[in-house]
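Trainee: My structure is below; once you've seen it, I'll send some questions.
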Amino acid sequence: MEVHDYFRRLGHDNHRRLCKLYGWEEKKSKASWGAQIVDYEKIAAAPVQAMAAADLNRFLIVCALVSDLYCPGYDPRQTLAKNSNLALAATRYKIEAAKITTAIRVELSSNKDRNRVKPTTNNKSGNTSARERKPHTQRK
């Protein structure tokens with residue numbers, strides 16, 4: 001019951017982060033006033049109830065650190081503050097955050113490269129169509 005109470009006090013944004021972290025589906029339901037809402041307490045109730053004691057302890061730790069799972073500012077390259085709970089926990093458990101950050105940046109940049117659209121070829125010579133070519137500048 002204490003876990004449910006702690007989860008309830010986290011706030012909307014942290015509920016969303018936990019649902020994404022644990023892979024819980026965010027189903028919308030109709031509220032009494034007609035709006036579509038997501039009842040995070042209801043979504044978390046069954047999975048938390050099914051957790052073993054060790055899993056509950058981990059869940060409470062994640063709940064305590066979940067507020068640090070966001071971009072700390074408008075700059076996505078900005079690093080996590082050294083005095084944040086997540087950074088302090090990483091230091092305590094001897095996790096090398098710099099290595100993890102580097103690995104994630106490399107992975108994200110490789111995903112970005114893969115997702116870029118390549119021009120298609122419309123004829124056998126391999127030339128791109130007039131639509132796909134860059135416009136020529138006029139000479140004076």
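Chain identifiers are assigned as A, B, and so on, following the order in which chains appear in the structure tokens; residues are numbered from 1 within each chain, and ligands are numbered from 1 in order of appearance.
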Within 12 Å of stretch 96-104 of chain A, counting only C-alpha atoms, which residues qualify if same-chain residues fewer than 2 places away don't, as a PDB file with N, CA and C atoms, in the first residue's frame?
Mentor:
```
ATOM      1  N   PRO A  76      19.402  19.533 -25.505  1.00  0.00           N
ATOM      2  CA  PRO A  76      19.433  18.098 -25.243  1.00  0.00           C
ATOM      3  C   PRO A  76      20.839  17.561 -24.996  1.00  0.00           C
ATOM      4  N   ARG A  77      21.863  18.337 -25.358  1.00  0.00           N
ATOM      5  CA  ARG A  77      23.242  17.914 -25.105  1.00  0.00           C
ATOM      6  C   ARG A  77      23.707  18.267 -23.696  1.00  0.00           C
ATOM      7  N   GLN A  78      22.877  19.018 -22.973  1.00  0.00           N
ATOM      8  CA  GLN A  78      23.231  19.416 -21.621  1.00  0.00           C
ATOM      9  C   GLN A  78      23.285  18.178 -20.731  1.00  0.00           C
ATOM     10  N   THR A  79      24.310  18.079 -19.917  1.00  0.00           N
ATOM     11  CA  THR A  79      24.474  16.902 -19.072  1.00  0.00           C
ATOM     12  C   THR A  79      23.659  17.042 -17.794  1.00  0.00           C
ATOM     13  N   LEU A  80      23.471  15.918 -17.153  1.00  0.00           N
ATOM     14  CA  LEU A  80      22.748  15.868 -15.892  1.00  0.00           C
ATOM     15  C   LEU A  80      23.585  16.547 -14.811  1.00  0.00           C
ATOM     16  N   ALA A  81      22.967  17.302 -13.954  1.00  0.00           N
ATOM     17  CA  ALA A  81      23.689  17.990 -12.881  1.00  0.00           C
ATOM     18  C   ALA A  81      24.345  16.968 -11.958  1.00  0.00           C
ATOM     19  N   LYS A  82      25.563  17.257 -11.532  1.00  0.00           N
ATOM     20  CA  LYS A  82      26.318  16.319 -10.692  1.00  0.00           C
ATOM     21  C   LYS A  82      25.676  16.115  -9.316  1.00  0.00           C
ATOM     22  N   LEU A  86      19.968  11.131  -9.457  1.00  0.00           N
ATOM     23  CA  LEU A  86      20.381  10.073 -10.374  1.00  0.00           C
ATOM     24  C   LEU A  86      21.899  10.027 -10.508  1.00  0.00           C
ATOM     25  N   ALA A  87      22.537  11.178 -10.621  1.00  0.00           N
ATOM     26  CA  ALA A  87      23.996  11.222 -10.726  1.00  0.00           C
ATOM     27  C   ALA A  87      24.654  10.740  -9.437  1.00  0.00           C
ATOM     28  N   LEU A  88      24.098  11.122  -8.308  1.00  0.00           N
ATOM     29  CA  LEU A  88      24.651  10.667  -7.030  1.00  0.00           C
ATOM     30  C   LEU A  88      24.487   9.154  -6.846  1.00  0.00           C
ATOM     31  N   ALA A  89      23.342   8.617  -7.281  1.00  0.00           N
ATOM     32  CA  ALA A  89      23.135   7.164  -7.199  1.00  0.00           C
ATOM     33  C   ALA A  89      24.102   6.433  -8.125  1.00  0.00           C
ATOM     34  N   ALA A  90      24.334   6.974  -9.320  1.00  0.00           N
ATOM     35  CA  ALA A  90      25.289   6.354 -10.251  1.00  0.00           C
ATOM     36  C   ALA A  90      26.684   6.342  -9.651  1.00  0.00           C
ATOM     37  N   THR A  91      27.075   7.424  -9.004  1.00  0.00           N
ATOM     38  CA  THR A  91      28.392   7.481  -8.357  1.00  0.00           C
ATOM     39  C   THR A  91      28.468   6.471  -7.224  1.00  0.00           C
ATOM     40  N   ARG A  92      27.426   6.376  -6.447  1.00  0.00           N
ATOM     41  CA  ARG A  92      27.418   5.445  -5.308  1.00  0.00           C
ATOM     42  C   ARG A  92      27.574   3.992  -5.761  1.00  0.00           C
ATOM     43  N   TYR A  93      26.912   3.642  -6.868  1.00  0.00           N
ATOM     44  CA  TYR A  93      26.974   2.263  -7.359  1.00  0.00           C
ATOM     45  C   TYR A  93      28.090   2.055  -8.383  1.00  0.00           C
ATOM     46  N   LYS A  94      29.008   3.039  -8.465  1.00  0.00           N
ATOM     47  CA  LYS A  94      30.191   2.966  -9.338  1.00  0.00           C
ATOM     48  C   LYS A  94      29.828   2.726 -10.803  1.00  0.00           C
ATOM     49  N   VAL A 106      26.392   7.956 -29.464  1.00  0.00           N
ATOM     50  CA  VAL A 106      26.822   7.272 -30.681  1.00  0.00           C
ATOM     51  C   VAL A 106      25.646   6.505 -31.283  1.00  0.00           C
ATOM     52  N   GLU A 107      24.897   5.809 -30.446  1.00  0.00           N
ATOM     53  CA  GLU A 107      23.748   5.046 -30.928  1.00  0.00           C
ATOM     54  C   GLU A 107      22.683   5.948 -31.543  1.00  0.00           C
ATOM     55  N   LEU A 108      22.401   7.055 -30.883  1.00  0.00           N
ATOM     56  CA  LEU A 108      21.393   7.982 -31.416  1.00  0.00           C
ATOM     57  C   LEU A 108      21.853   8.612 -32.725  1.00  0.00           C
ATOM     58  N   SER A 109      23.132   8.931 -32.837  1.00  0.00           N
ATOM     59  CA  SER A 109      23.610   9.534 -34.085  1.00  0.00           C
ATOM     60  C   SER A 109      23.603   8.509 -35.217  1.00  0.00           C
ATOM     61  N   SER A 110      23.878   7.239 -34.919  1.00  0.00           N
ATOM     62  CA  SER A 110      23.820   6.218 -35.969  1.00  0.00           C
ATOM     63  C   SER A 110      22.377   5.964 -36.396  1.00  0.00           C
ATOM     64  N   ASN A 111      21.428   6.032 -35.458  1.00  0.00           N
ATOM     65  CA  ASN A 111      20.006   5.901 -35.803  1.00  0.00           C
ATOM     66  C   ASN A 111      19.562   7.069 -36.661  1.00  0.00           C
TER      67      ASN A 111
END
```
Trainee: List every residue of stretch 13-124 of chain A that DSSP, applied to the backbone of this structure, places in strand (DSSP E or B), and write the result as an MDAnalysis selection string.
Mentor: chainID A and resid 28:30 36:38 121
Trainee: Could you please take those selected residues and save C-alpha atoms as a PDB file, in the first residue's frame?
Mentor:
```
ATOM      1  CA  LYS A  28      -7.211   6.492 -22.177  1.00  0.00           C
ATOM      2  CA  SER A  29     -10.599   6.260 -20.556  1.00  0.00           C
ATOM      3  CA  LYS A  30     -13.573   8.572 -20.411  1.00  0.00           C
ATOM      4  CA  GLN A  36     -10.348  11.457 -22.236  1.00  0.00           C
ATOM      5  CA  ILE A  37      -7.885  10.844 -19.386  1.00  0.00           C
ATOM      6  CA  VAL A  38      -5.184   8.352 -18.474  1.00  0.00           C
ATOM      7  CA  THR A 121      16.481   6.843 -58.860  1.00  0.00           C
TER       8      THR A 121
END
```
Trainee: Take atom CA of A:Glu26 and atom CA of A:Arg8 and report the distance between them in Å, one decimal.
Mentor: 15.7 Å
Trainee: What is the atom CA of A:His12 to atom CA of A:Tyr40 distance in Å?
Mentor: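 One can read the atom CA of A:His12 to atom CA of A:Tyr40 distance as 8.2 Å.
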Trainee: So, counting only C-alpha atoms, which residue among A:Leu10, A:Ala54, A:Val48, A:Val3 is closest to A:Trp24?
Mentor: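 The shortest atom-to-atom distance to A:Trp24 comes from A:Val48.
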Trainee: Work out how far atom CA of A:Cys63 is from atom CA of A:Ser84, in Å to one decimal.
Mentor: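 That distance, rounded to one decimal, is 14.1 Å.
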Trainee: Can you work out which one of A:Asn85, A:Phe7, A:Lys27, A:Asp13 has the shortest atom-to-atom distance to A:Leu56, counting only C-alpha atoms?
Mentor: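 Among A:Asn85, A:Phe7, A:Lys27, A:Asp13, it is A:Phe7 that comes nearest to A:Leu56.
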Trainee: Taking the DSSP assignment computed from this structure's backbone, write out as JSON, numbers by chain all residues of stretch 30-75 of chain A that belong to alpha helix (DSSP H).
Mentor: {"A": [40, 41, 42, 43, 44, 45, 46, 47, 48, 49, 53, 54, 55, 56, 57, 58, 59, 60, 61, 62, 63, 64, 65]}
Trainee: Quick one: everything within 12 Å of A:Gln49, counting only C-alpha atoms, minus sequence neighbours fewer than 6 positions away in the same chain. Send it as a list in words.
Mentor: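 Returned residues: Met1, Glu2, Val3, His4, Glu41, Lys42, Ile43, Asp55, Leu56 and Phe59 of chain A.
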